[in-house]
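A.B. asks: Contents of run_24.pdb (PDB, C-alpha atoms):
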ATOM      1  CA  MET A  23       0.000   0.000   0.000
ATOM      2  CA  ARG A  24       1.769   3.151  -1.177
ATOM      3  CA  LEU A  25      -0.625   5.940  -0.318
ATOM      4  CA  GLN A  26       0.117   9.590  -0.921
ATOM      5  CA  TYR A  27      -0.529  12.250   1.702
ATOM      6  CA  PRO A  28       0.056  16.000   1.328
ATOM      7  CA  SER A  29       3.768  16.666   0.881
ATOM      8  CA  ASN A  30       3.769  19.650   3.231
ATOM      9  CA  VAL A  31       3.039  17.398   6.211
ATOM     10  CA  LYS A  32       6.066  16.763   8.375
ATOM     11  CA  ILE A  33       5.820  13.690  10.567
ATOM     12  CA  ILE A  34       7.374  13.642  14.033
ATOM     13  CA  LYS A  35       7.461  10.165  15.537
ATOM     14  CA  LEU A  36       6.904   9.667  19.241
ATOM     15  CA  PRO A  37       6.740   6.504  21.320
ATOM     16  CA  CYS A  38       3.261   7.493  22.512
ATOM     17  CA  THR A  39       1.034  10.569  22.156
ATOM     18  CA  GLY A  40       1.292  10.777  25.956
ATOM     19  CA  LYS A  41       4.721  12.272  25.256
ATOM     20  CA  VAL A  42       3.101  15.297  23.603
ATOM     21  CA  ASP A  43       3.186  18.229  25.954
ATOM     22  CA  LEU A  44       1.242  21.460  25.746
ATOM     23  CA  ILE A  45       4.453  23.399  25.158
ATOM     24  CA  HIS A  46       5.365  21.167  22.170
ATOM     25  CA  LEU A  47       2.076  22.078  20.526
ATOM     26  CA  LEU A  48       2.445  25.797  21.216
ATOM     27  CA  ARG A  49       6.083  25.898  20.079
ATOM     28  CA  SER A  50       5.051  24.362  16.753
ATOM     29  CA  PHE A  51       2.837  27.370  16.118
ATOM     30  CA  GLU A  52       5.423  29.765  17.477
ATOM     31  CA  LYS A  53       7.827  28.365  14.895
ATOM     32  CA  GLY A  54       5.282  28.899  12.130
ATOM     33  CA  ALA A  55       3.395  25.638  11.652
ATOM     34  CA  ASP A  56      -0.015  26.204  10.059
ATOM     35  CA  GLY A  57      -1.512  23.276  11.917
ATOM     36  CA  VAL A  58      -0.676  20.301  14.084
ATOM     37  CA  CYS A  59      -2.353  16.929  13.881
ATOM     38  CA  VAL A  60      -1.786  14.612  16.814
ATOM     39  CA  VAL A  61      -2.468  11.019  15.808
ATOM     40  CA  GLY A  62      -2.702   8.536  18.643
ATOM     41  CA  CYS A  63      -3.832   4.976  19.111
ATOM     42  CA  MET A  64      -7.500   4.145  19.488
ATOM     43  CA  GLU A  65      -8.957   5.080  22.866
ATOM     44  CA  GLY A  66      -8.767   2.056  25.130
ATOM     45  CA  ALA A  67      -5.863   0.639  23.151
ATOM     46  CA  CYS A  68      -2.990   2.674  24.570
ATOM     47  CA  GLN A  69      -0.051   0.434  25.453
ATOM     48  CA  TYR A  70       0.782   2.842  28.246
ATOM     49  CA  THR A  71      -2.860   2.745  29.461
ATOM     50  CA  SER A  72      -3.844   6.391  28.978
ATOM     51  CA  GLY A  73      -1.254   8.290  26.920
ATOM     52  CA  ASN A  74      -3.751   9.062  24.163
ATOM     53  CA  ILE A  75      -6.386  10.273  26.635
ATOM     54  CA  ARG A  76      -3.859  12.645  28.189
ATOM     55  CA  ALA A  77      -2.793  13.838  24.759
ATOM     56  CA  ARG A  78      -6.397  14.677  23.870
ATOM     57  CA  LYS A  79      -6.753  16.818  26.991
ATOM     58  CA  ARG A  80      -3.529  18.636  26.153
ATOM     59  CA  VAL A  81      -4.705  19.199  22.597
ATOM     60  CA  GLU A  82      -7.944  20.669  23.964
ATOM     61  CA  GLU A  83      -5.954  22.969  26.256
ATOM     62  CA  ALA A  84      -3.792  24.042  23.302
ATOM     63  CA  GLN A  85      -6.992  24.784  21.360
ATOM     64  CA  ARG A  86      -8.244  27.012  24.191
ATOM     65  CA  ILE A  87      -4.961  28.917  24.339
ATOM     66  CA  LEU A  88      -4.733  29.331  20.565
ATOM     67  CA  ASP A  89      -8.307  30.610  20.511
ATOM     68  CA  SER A  90      -7.576  33.079  23.291
ATOM     69  CA  ILE A  91      -4.629  34.581  21.402
ATOM     70  CA  LYS A  92      -6.567  34.621  18.104
ATOM     71  CA  ILE A  93      -4.393  32.071  16.297
ATOM     72  CA  GLY A  94      -7.286  29.634  15.943
ATOM     73  CA  GLY A  95      -7.797  26.573  18.096
ATOM     74  CA  GLU A  96      -8.981  24.548  15.100
ATOM     75  CA  ARG A  97      -5.420  24.502  13.839
ATOM     76  CA  VAL A  98      -4.589  21.717  16.250
ATOM     77  CA  GLN A  99      -6.553  18.484  16.085
ATOM     78  CA  MET A 100      -6.296  15.012  17.533
ATOM     79  CA  PHE A 101      -7.308  11.776  15.829
ATOM     80  CA  ASN A 102      -7.308   8.219  17.095
ATOM     81  CA  LEU A 103      -6.267   5.676  14.493
ATOM     82  CA  SER A 104      -4.853   2.196  14.645
ATOM     83  CA  SER A 105      -1.637   1.402  12.789
ATOM     84  CA  SER A 106      -3.548  -0.532  10.126
ATOM     85  CA  GLU A 107      -5.631   2.468   9.130
ATOM     86  CA  ALA A 108      -3.345   4.084   6.585
ATOM     87  CA  PRO A 109      -6.211   5.118   4.266
ATOM     88  CA  GLN A 110      -7.965   6.782   7.213
ATOM     89  CA  PHE A 111      -4.711   8.563   8.138
ATOM     90  CA  VAL A 112      -4.429   9.915   4.597
ATOM     91  CA  LYS A 113      -8.076  11.001   4.759
ATOM     92  CA  VAL A 114      -7.830  12.935   8.035
ATOM     93  CA  ILE A 115      -4.486  14.502   7.219
ATOM     94  CA  SER A 116      -5.726  15.568   3.776
ATOM     95  CA  GLU A 117      -8.917  17.000   5.236
ATOM     96  CA  LEU A 118      -6.983  18.944   7.867
ATOM     97  CA  THR A 119      -4.607  20.253   5.197
ATOM     98  CA  GLU A 120      -7.571  21.456   3.137
ATOM     99  CA  LYS A 121      -9.155  23.057   6.188
ATOM    100  CA  LEU A 122      -5.900  24.856   7.001
ATOM    101  CA  LYS A 123      -5.665  26.119   3.421
ATOM    102  CA  GLU A 124      -9.137  27.594   3.850
ATOM    103  CA  MET A 125      -8.138  29.173   7.174
ATOM    104  CA  GLY A 126      -5.016  30.660   5.622
ATOM    105  CA  PRO A 127      -1.472  30.632   6.956
ATOM    106  CA  ASN A 128      -0.581  30.765  10.613
ATOM    107  CA  PRO A 129      -0.603  34.516  11.445
ATOM    108  CA  ILE A 130       2.679  34.029  13.324
ATOM    109  CA  LYS A 131       4.381  32.829  10.160
ATOM    110  CA  THR A 132       3.090  35.900   8.330
ATOM    111  CA  ALA A 133       4.231  38.158  11.173
ATOM    112  CA  MET A 134       7.697  36.555  11.196
ATOM    113  CA  LYS A 135       8.050  37.129   7.446
ATOM    114  CA  ARG A 136       6.936  40.728   7.869
ATOM    115  CA  ALA A 137       9.479  41.297  10.629
ATOM    116  CA  ALA A 138      12.347  39.662   8.691
TER
ATOM    117  CA  MET B   3       1.179  23.928  50.008
ATOM    118  CA  ILE B   4      -0.279  27.163  48.706
ATOM    119  CA  VAL B   5      -2.618  26.304  45.861
ATOM    120  CA  ALA B   6      -3.034  28.655  42.930
ATOM    121  CA  LYS B   7      -4.690  28.442  39.543
ATOM    122  CA  ARG B   8      -3.615  29.852  36.231
ATOM    123  CA  LYS B   9      -5.004  33.249  35.355
ATOM    124  CA  PRO B  10      -6.915  33.536  32.077
ATOM    125  CA  ILE B  11      -4.409  34.495  29.368
ATOM    126  CA  GLU B  12      -6.706  37.304  28.212
ATOM    127  CA  GLU B  13      -6.436  38.923  31.659
ATOM    128  CA  ILE B  14      -2.628  38.717  31.653
ATOM    129  CA  ILE B  15      -2.486  40.112  28.123
ATOM    130  CA  GLU B  16      -4.660  43.059  29.131
ATOM    131  CA  GLU B  17      -2.362  43.934  32.032
ATOM    132  CA  ALA B  18       0.852  43.390  30.053
ATOM    133  CA  GLN B  19      -0.289  45.130  26.860
ATOM    134  CA  ALA B  20       1.547  48.362  27.594
ATOM    135  CA  TYR B  21       4.998  46.813  28.109
ATOM    136  CA  GLU B  22       7.754  45.869  25.687
ATOM    137  CA  LYS B  23      10.266  43.996  27.814
ATOM    138  CA  ILE B  24       8.641  41.346  29.945
ATOM    139  CA  LEU B  25      10.246  38.948  32.386
ATOM    140  CA  LEU B  26       8.166  35.935  33.391
ATOM    141  CA  VAL B  27       9.254  34.561  36.747
ATOM    142  CA  GLY B  28       8.097  31.150  37.915
ATOM    143  CA  CYS B  29       8.496  29.585  41.337
ATOM    144  CA  ASN B  30       9.810  26.086  41.986
ATOM    145  CA  GLU B  31       7.777  25.496  45.128
ATOM    146  CA  CYS B  32       4.015  25.228  45.737
ATOM    147  CA  VAL B  33       2.867  26.634  42.390
ATOM    148  CA  THR B  34       5.029  24.082  40.599
ATOM    149  CA  VAL B  35       3.328  21.250  42.473
ATOM    150  CA  CYS B  36      -0.140  22.611  41.739
ATOM    151  CA  GLU B  37       0.906  23.151  38.100
ATOM    152  CA  ALA B  38       0.053  26.841  38.026
ATOM    153  CA  GLY B  39       3.345  28.710  38.089
ATOM    154  CA  GLY B  40       6.314  26.396  37.644
ATOM    155  CA  LYS B  41       8.838  26.209  34.825
ATOM    156  CA  LYS B  42       6.393  24.481  32.475
ATOM    157  CA  GLU B  43       3.620  26.980  33.054
ATOM    158  CA  VAL B  44       6.079  29.838  32.563
ATOM    159  CA  ALA B  45       7.101  28.322  29.218
ATOM    160  CA  VAL B  46       3.472  27.948  28.115
ATOM    161  CA  LEU B  47       2.555  31.501  29.109
ATOM    162  CA  ALA B  48       5.707  32.891  27.481
ATOM    163  CA  SER B  49       4.924  31.057  24.260
ATOM    164  CA  ALA B  50       1.324  32.300  24.256
ATOM    165  CA  LEU B  51       2.380  35.892  24.971
ATOM    166  CA  ARG B  52       5.081  35.808  22.294
ATOM    167  CA  MET B  53       2.544  34.607  19.737
ATOM    168  CA  HIS B  54      -0.022  37.171  20.860
ATOM    169  CA  PHE B  55       2.367  40.102  20.512
ATOM    170  CA  MET B  56       3.782  38.818  17.214
ATOM    171  CA  ASN B  57       0.249  38.513  15.913
ATOM    172  CA  GLN B  58      -0.339  42.122  16.959
ATOM    173  CA  GLY B  59       2.778  43.166  15.063
ATOM    174  CA  LYS B  60       4.511  44.233  18.269
ATOM    175  CA  ASP B  61       8.163  43.557  18.948
ATOM    176  CA  VAL B  62       8.051  42.505  22.596
ATOM    177  CA  LYS B  63      10.949  40.864  24.393
ATOM    178  CA  ILE B  64       9.744  38.041  26.631
ATOM    179  CA  ASP B  65      12.207  36.148  28.808
ATOM    180  CA  GLU B  66      11.625  33.333  31.277
ATOM    181  CA  ILE B  67      13.229  32.351  34.538
ATOM    182  CA  THR B  68      12.083  30.133  37.397
ATOM    183  CA  LEU B  69      13.425  30.779  40.874
ATOM    184  CA  GLU B  70      13.718  28.246  43.656
ATOM    185  CA  ARG B  71      11.314  30.366  45.722
ATOM    186  CA  GLN B  72       9.957  33.880  45.577
ATOM    187  CA  CYS B  73       9.234  34.179  49.277
ATOM    188  CA  ASP B  74      12.888  34.389  50.380
ATOM    189  CA  HIS B  75      15.373  37.218  49.907
ATOM    190  CA  GLU B  76      18.237  35.105  48.635
ATOM    191  CA  TYR B  77      16.331  33.690  45.667
ATOM    192  CA  LEU B  78      14.795  37.011  44.656
ATOM    193  CA  GLU B  79      18.299  38.522  44.807
ATOM    194  CA  GLU B  80      19.209  36.316  41.825
ATOM    195  CA  LEU B  81      17.297  38.776  39.652
ATOM    196  CA  ARG B  82      19.189  41.820  40.928
ATOM    197  CA  ASN B  83      21.626  42.077  38.008
ATOM    198  CA  GLN B  84      19.140  41.484  35.212
ATOM    199  CA  ILE B  85      15.833  42.931  36.315
ATOM    200  CA  ASP B  86      16.656  46.417  34.998
ATOM    201  CA  GLN B  87      16.608  45.044  31.449
ATOM    202  CA  TYR B  88      12.829  44.713  31.685
ATOM    203  CA  ASP B  89       9.971  47.113  32.115
ATOM    204  CA  VAL B  90       7.619  44.664  33.839
ATOM    205  CA  VAL B  91       7.780  41.385  35.733
ATOM    206  CA  ILE B  92       4.969  38.851  35.594
ATOM    207  CA  SER B  93       5.357  36.633  38.625
ATOM    208  CA  LEU B  94       3.752  33.219  38.531
ATOM    209  CA  ALA B  95       4.375  32.716  42.226
ATOM    210  CA  CYS B  96       1.551  32.877  44.757
ATOM    211  CA  GLY B  97       0.425  36.265  46.040
ATOM    212  CA  VAL B  98       3.192  36.073  48.634
ATOM    213  CA  GLY B  99       5.889  35.863  45.982
ATOM    214  CA  VAL B 100       4.342  38.607  43.863
ATOM    215  CA  GLN B 101       4.265  40.959  46.851
ATOM    216  CA  PHE B 102       7.762  40.117  48.035
ATOM    217  CA  MET B 103       9.065  40.728  44.532
ATOM    218  CA  ALA B 104       7.271  44.077  44.457
ATOM    219  CA  GLU B 105       8.695  45.006  47.888
ATOM    220  CA  LYS B 106      12.211  44.112  46.847
ATOM    221  CA  TYR B 107      12.195  45.846  43.472
ATOM    222  CA  MET B 108      10.254  48.980  44.305
ATOM    223  CA  SER B 109      10.485  50.674  40.917
ATOM    224  CA  MET B 110       9.558  47.594  38.890
ATOM    225  CA  PRO B 111       5.901  46.909  38.076
ATOM    226  CA  VAL B 112       5.076  43.340  39.130
ATOM    227  CA  LEU B 113       1.968  41.653  37.748
ATOM    228  CA  PRO B 114       0.413  38.446  39.084
ATOM    229  CA  GLY B 115       0.365  35.510  36.687
ATOM    230  CA  VAL B 116      -1.783  33.231  38.843
ATOM    231  CA  ASP B 117      -4.787  33.482  41.136
ATOM    232  CA  THR B 118      -3.780  32.328  44.621
ATOM    233  CA  CYS B 119      -6.548  30.225  46.152
ATOM    234  CA  PHE B 120      -5.812  28.472  49.454
ATOM    235  CA  MET B 121      -3.570  26.179  51.484
ATOM    236  CA  GLY B 122      -4.408  22.664  50.456
ATOM    237  CA  VAL B 123      -3.509  19.218  49.281
ATOM    238  CA  THR B 124      -3.267  17.317  46.008
ATOM    239  CA  GLU B 125      -6.227  14.926  46.158
ATOM    240  CA  GLU B 126      -5.190  13.497  42.813
ATOM    241  CA  ARG B 127      -3.345  14.956  39.858
ATOM    242  CA  GLY B 128      -5.306  17.985  38.723
ATOM    243  CA  VAL B 129      -7.478  18.145  41.850
ATOM    244  CA  TRP B 130      -6.472  20.278  44.820
ATOM    245  CA  SER B 131      -8.592  21.049  47.855
ATOM    246  CA  GLU B 132      -8.423  23.287  50.897
ATOM    247  CA  ARG B 133      -7.240  22.011  54.255
ATOM    248  CA  CYS B 134      -5.984  24.981  56.266
ATOM    249  CA  GLN B 135      -6.935  28.621  56.678
ATOM    250  CA  GLY B 136      -3.963  29.559  58.847
ATOM    251  CA  CYS B 137      -6.097  30.623  61.813
ATOM    252  CA  GLY B 138      -3.003  30.854  64.014
ATOM    253  CA  SER B 139      -4.129  28.553  66.837
ATOM    254  CA  CYS B 140      -4.416  24.973  65.666
ATOM    255  CA  MET B 141      -7.125  22.850  67.264
ATOM    256  CA  LEU B 142      -6.630  19.664  65.223
ATOM    257  CA  ALA B 143      -5.648  17.730  68.360
ATOM    258  CA  LYS B 144      -9.205  18.080  69.623
ATOM    259  CA  THR B 145     -11.013  17.299  66.392
ATOM    260  CA  GLY B 146      -9.366  14.092  65.286
ATOM    261  CA  GLY B 147      -7.047  15.823  62.837
ATOM    262  CA  ILE B 148      -9.871  17.286  60.742
ATOM    263  CA  CYS B 149     -10.176  21.060  60.820
ATOM    264  CA  PRO B 150     -13.611  22.571  61.441
ATOM    265  CA  VAL B 151     -12.271  25.997  60.461
ATOM    266  CA  SER B 152     -11.402  24.954  56.931
ATOM    267  CA  ARG B 153     -13.684  21.952  56.391
ATOM    268  CA  CYS B 154     -16.947  23.309  57.806
ATOM    269  CA  ALA B 155     -18.551  26.035  55.701
ATOM    270  CA  LYS B 156     -19.802  27.743  58.866
ATOM    271  CA  ARG B 157     -16.651  27.092  60.918
ATOM    272  CA  LEU B 158     -18.737  25.438  63.632
ATOM    273  CA  PHE B 159     -16.848  23.998  66.599
ATOM    274  CA  ASN B 160     -19.341  21.754  68.319
ATOM    275  CA  GLY B 161     -20.986  19.501  65.789
ATOM    276  CA  PRO B 162     -22.703  19.995  62.452
ATOM    277  CA  CYS B 163     -25.492  22.407  61.638
ATOM    278  CA  GLY B 164     -28.932  21.350  60.434
ATOM    279  CA  GLY B 165     -27.742  21.580  56.835
ATOM    280  CA  SER B 166     -25.693  18.405  57.092
ATOM    281  CA  THR B 167     -27.547  15.767  55.079
ATOM    282  CA  GLU B 168     -26.310  12.223  54.646
ATOM    283  CA  GLY B 169     -22.804  13.387  55.390
ATOM    284  CA  HIS B 170     -22.844  16.256  52.926
ATOM    285  CA  CYS B 171     -22.914  20.015  53.347
ATOM    286  CA  GLU B 172     -25.912  22.118  52.369
ATOM    287  CA  ILE B 173     -23.727  24.500  50.335
ATOM    288  CA  ASP B 174     -22.989  21.804  47.763
ATOM    289  CA  LYS B 175     -23.877  18.133  47.669
ATOM    290  CA  ASN B 176     -20.333  17.382  46.524
ATOM    291  CA  VAL B 177     -18.859  18.912  49.687
ATOM    292  CA  ILE B 178     -18.531  16.485  52.559
ATOM    293  CA  CYS B 179     -19.709  17.830  55.921
ATOM    294  CA  GLY B 180     -16.605  18.675  57.960
ATOM    295  CA  TRP B 181     -18.254  17.459  61.142
ATOM    296  CA  GLN B 182     -19.204  14.176  59.509
ATOM    297  CA  LEU B 183     -15.502  13.726  58.753
ATOM    298  CA  ILE B 184     -14.600  14.592  62.340
ATOM    299  CA  VAL B 185     -17.118  12.155  63.807
ATOM    300  CA  ASP B 186     -16.024   9.396  61.410
ATOM    301  CA  ARG B 187     -12.406   9.969  62.338
ATOM    302  CA  LEU B 188     -13.062  10.093  66.096
ATOM    303  CA  THR B 189     -14.995   6.826  65.742
ATOM    304  CA  LYS B 190     -12.028   5.224  63.976
ATOM    305  CA  LEU B 191      -9.722   6.481  66.721
ATOM    306  CA  ASP B 192     -12.097   5.115  69.343
ATOM    307  CA  ARG B 193     -12.343   8.628  70.732
ATOM    308  CA  LEU B 194     -15.962   9.420  69.973
ATOM    309  CA  SER B 195     -16.392  10.458  73.590
ATOM    310  CA  ASP B 196     -14.294  13.566  72.683
ATOM    311  CA  TYR B 197     -17.278  14.706  70.623
ATOM    312  CA  GLU B 198     -19.129  15.285  73.895
ATOM    313  CA  ILE B 199     -16.521  17.794  75.125
ATOM    314  CA  LEU B 200     -17.609  21.342  74.381
ATOM    315  CA  LEU B 201     -14.958  23.336  72.591
ATOM    316  CA  PRO B 202     -14.576  26.845  74.018
ATOM    317  CA  ILE B 203     -15.158  29.995  71.995
ATOM    318  CA  LYS B 204     -12.158  30.377  69.730
ATOM    319  CA  ASP B 205      -9.828  33.345  70.083
ATOM    320  CA  TRP B 206      -9.924  34.739  66.562
ATOM    321  CA  SER B 207      -7.350  37.418  67.280
ATOM    322  CA  THR B 208      -4.691  35.076  65.895
ATOM    323  CA  GLU B 209      -6.595  34.811  62.632
ATOM    324  CA  ARG B 210      -6.601  37.381  59.822
ATOM    325  CA  ALA B 211      -9.291  39.363  61.638
ATOM    326  CA  GLY B 212      -6.541  40.610  63.955
ATOM    327  CA  GLY B 213      -4.831  42.352  61.033
ATOM    328  CA  PRO B 214      -1.674  41.334  59.124
ATOM    329  CA  ARG B 215       0.225  38.776  61.182
ATOM    330  CA  LYS B 216       3.852  38.141  61.921
ATOM    331  CA  VAL B 217       5.777  35.286  63.485
ATOM    332  CA  VAL B 218       8.974  36.246  65.317
ATOM    333  CA  ARG B 219      11.407  33.677  66.705
ATOM    334  CA  GLU B 220      14.201  35.394  68.485
ATOM    335  CA  ASP B 221      16.269  32.235  69.048
ATOM    336  CA  VAL B 222      16.845  31.831  65.324
ATOM    337  CA  MET B 223      17.125  35.509  64.445
ATOM    338  CA  GLN B 224      20.505  36.802  63.329
TER
END
What does the file become when written as structure tokens?
C.D. replies:
Amino acid sequence: MRLQYPSNVKIIKLPCTGKVDLIHLLRSFEKGADGVCVVGCMEGACQYTSGNIRARKRVEEAQRILDSIKIGGERVQMFNLSSSEAPQFVKVISELTEKLKEMGPNPIKTAMKRAA
Amino acid sequence: MIVAKRKPIEEIIEEAQAYEKILLVGCNECVTVCEAGGKKEVAVLASALRMHFMNQGKDVKIDEITLERQCDHEYLEELRNQIDQYDVVISLACGVGVQFMAEKYMSMPVLPGVDTCFMGVTEERGVWSERCQGCGSCMLAKTGGICPVSRCAKRLFNGPCGGSTEGHCEIDKNVICGWQLIVDRLTKLDRLSDYEILLPIKDWSTERAGGPRKVVREDVMQ
């Protein structure tokens, strides 16, 4: 199965989404990412019992913060997929990419370019 | 520990809007444990503020530092040589730390980064609850180690009020009646007879009602 997903998506591998911290999500936007998609295992199937549940809460907190500073909380999303769901991964990542194109670039990226 | 909660970012932004060089100062003690003002929370707030100001097109310098404590001279002194580089400090310590910082650096505006709530415990991660109101004359020996000052909504000293229903307080069905806890504990200790002893009227002059308080211990003074 050689599926194509948008080429602008950069994948960062982690042992578990429980490793994702709030500051990692915020720094991504500070560095200019247009969006962040956290993809964890199915709920109830975390090998570390609750890493994906914790990640979801952190993603929700990141959404609240990004909304409060007018960057847009929708730019960060979490999905639960199993490792055999490559077509579903391509679907969600493509949909998020399209949604981000509609939203426009991360205002921080624009501001950084303006300042440079 | 002193329990605090994070202030809404919008509120901090409003207060900090007028400044261009901001130092965020966290505290490694209580507010780190209650996840309101430690190194991680400082990093999150700094990141959010940086993005906010960038988005506004403002060039604002935001630096971060976390001190061991903000309620002792020696740790606050660590800022002495760098604090003049900034035009405001946002302290994520409890209200004690914010005030001590303000006292020490008189000409520096110091803004609070957290809302200080109470002295309490970590019931579980993410849940903190009040245990002590610092009344200045502890009576836990007489009440089985459960404090009627902090655990009873009415601060009653001789049994529950009529609002205690099935072990819960009338102010909120999720709040356990302090006196229910005391009776349960005295029963466990086989000291229920203590419940019959009338507690005298408490001297509240040692509490906050007596004005700002001070503890002086001459044997350890230098």
A.B. asks: Write out as a count of residues only each polymer residue whose atoms come within 7 Å of stretch 144-153 of chain B, counting all atoms listed in the file; drop sequence neighbours fewer than 6 positions from it.
C.D. replies: 11
A.B. asks: Compute the distance from (13.6, 34.3, 30.5) to each atom, counting all atoms listed in the file, keep the residues with any atom at most 12 Å away, and return them as a VMD selection string; use the coordinates of the file.
C.D. replies: chain B and resid 23 to 28 41 44 to 45 47 to 49 52 63 to 69 81 84 to 85 87 to 88 91 to 93
A.B. asks: Atom CA of B:Thr118 and atom CA of B:Met56, how far apart in Å?
C.D. replies: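 Atom CA of B:Met56 sits 29.2 Å away from atom CA of B:Thr118.
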A.B. asks: Rank nothing, just name the residue among A:Arg97, A:Lys41, A:Arg136, A:Lys121 nearest to chain B, using all atoms listed in the file.
C.D. replies: A:Arg136
A.B. asks: Identify which of the residues A:Ser105, A:Ser50, A:Thr71, A:Thr39 lies closest to A:Ala84, counting all atoms listed in the file when measuring atom-to-atom distances.
C.D. replies: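 Closest to A:Ala84 of all the choices is A:Ser50.
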A.B. asks: The PyMOL selection byres ((chain B and resi 129) around 12) on the file shown: which residues, as a CSV table (one decimal) with C-alpha atoms, in the frame of the given file?
C.D. replies:
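Output file selection.csv is given in full below:
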chain,number,residue,atom,x,y,z
B,5,VAL,CA,-2.6,26.3,45.9
B,6,ALA,CA,-3.0,28.7,42.9
B,7,LYS,CA,-4.7,28.4,39.5
B,35,VAL,CA,3.3,21.2,42.5
B,36,CYS,CA,-0.1,22.6,41.7
B,37,GLU,CA,0.9,23.2,38.1
B,122,GLY,CA,-4.4,22.7,50.5
B,123,VAL,CA,-3.5,19.2,49.3
B,124,THR,CA,-3.3,17.3,46.0
B,125,GLU,CA,-6.2,14.9,46.2
B,126,GLU,CA,-5.2,13.5,42.8
B,127,ARG,CA,-3.3,15.0,39.9
B,128,GLY,CA,-5.3,18.0,38.7
B,130,TRP,CA,-6.5,20.3,44.8
B,131,SER,CA,-8.6,21.0,47.9
B,132,GLU,CA,-8.4,23.3,50.9
A.B. asks: For chain B, work out the contacting residues on chain A at 6 Å, counting only C-alpha atoms, and write them as a PyMOL selection string.
C.D. replies: chain A and resi 45+91+130
A.B. asks: Write out as a PyMOL selection string each polymer residue whose atoms come within 10 Å of stretch 31-35 of chain A, counting all atoms listed in the file; drop sequence neighbours fewer than 6 positions from it.
C.D. replies: chain A and resi 55+57-61+115-116+119
A.B. asks: Let me know the residues the PyMOL selection byres ((chain A and resi 99) around 12) catches in the file above, as a ChimeraX atom specification.
C.D. replies: /A:47,56-62,77-86,88,94-98,100-102,114-115,117-119,121-122
A.B. asks: Tell me, in Å to one decimal, how far atom CA of B:Ile14 is from atom CA of B:Gly115.
C.D. replies: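 Rounded to one decimal, the two atoms are 6.7 Å apart.
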A.B. asks: Any idea what the distance is between atom CA of A:Gly73 and atom CA of B:Glu31?
C.D. replies: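 Answer for the atom CA of A:Gly73 to atom CA of B:Glu31 separation: 26.6 Å.
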A.B. asks: Calculate, to one decimal in Å, the centre and edge lengths of the box along x, y and z of the file that holds all listed atoms of stretch 184-200 of chain B with 5 Å of margin on each side, and present them as JSON.
C.D. replies:
{"center_x": -14.4, "center_y": 13.2, "center_z": 68.3, "size_x": 19.4, "size_y": 26.2, "size_z": 23.7}
A.B. asks: The PyMOL selection byres ((chain B and resi 162) around 12) on the file shown: which residues, as a PyMOL selection string?
C.D. replies: chain B and resi 150+153-161+163-172+178-185+197
A.B. asks: I need the residues from that last selection saved to file as a short mmCIF file (atom, residue, chain, number, x, y, z; two decimals), keeping the file's coordinate frame (with C-alpha atoms), if you can.
C.D. replies:
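Ended up saving to part26.cif:
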data_model
loop_
_atom_site.label_atom_id
_atom_site.label_comp_id
_atom_site.auth_asym_id
_atom_site.auth_seq_id
_atom_site.Cartn_x
_atom_site.Cartn_y
_atom_site.Cartn_z
CA PRO B 150 -13.61 22.57 61.44
CA ARG B 153 -13.68 21.95 56.39
CA CYS B 154 -16.95 23.31 57.81
CA ALA B 155 -18.55 26.04 55.70
CA LYS B 156 -19.80 27.74 58.87
CA ARG B 157 -16.65 27.09 60.92
CA LEU B 158 -18.74 25.44 63.63
CA PHE B 159 -16.85 24.00 66.60
CA ASN B 160 -19.34 21.75 68.32
CA GLY B 161 -20.99 19.50 65.79
CA CYS B 163 -25.49 22.41 61.64
CA GLY B 164 -28.93 21.35 60.43
CA GLY B 165 -27.74 21.58 56.84
CA SER B 166 -25.69 18.40 57.09
CA THR B 167 -27.55 15.77 55.08
CA GLU B 168 -26.31 12.22 54.65
CA GLY B 169 -22.80 13.39 55.39
CA HIS B 170 -22.84 16.26 52.93
CA CYS B 171 -22.91 20.02 53.35
CA GLU B 172 -25.91 22.12 52.37
CA ILE B 178 -18.53 16.48 52.56
CA CYS B 179 -19.71 17.83 55.92
CA GLY B 180 -16.60 18.68 57.96
CA TRP B 181 -18.25 17.46 61.14
CA GLN B 182 -19.20 14.18 59.51
CA LEU B 183 -15.50 13.73 58.75
CA ILE B 184 -14.60 14.59 62.34
CA VAL B 185 -17.12 12.16 63.81
CA TYR B 197 -17.28 14.71 70.62
#
A.B. asks: Out of A:Leu25, A:Cys38, A:Ile87, A:Met125, which residue has the shortest atom-to-atom distance to A:Cys68 when counting only C-alpha atoms?
C.D. replies: A:Cys38
A.B. asks: Would you mind telling me which residue in A:Gly40, A:Gly66, A:Pro28, A:Gly54 lies nearest to A:Ala133 when using only C-alpha atoms?
C.D. replies: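 Distance minimum relative to A:Ala133 lands on A:Gly54.
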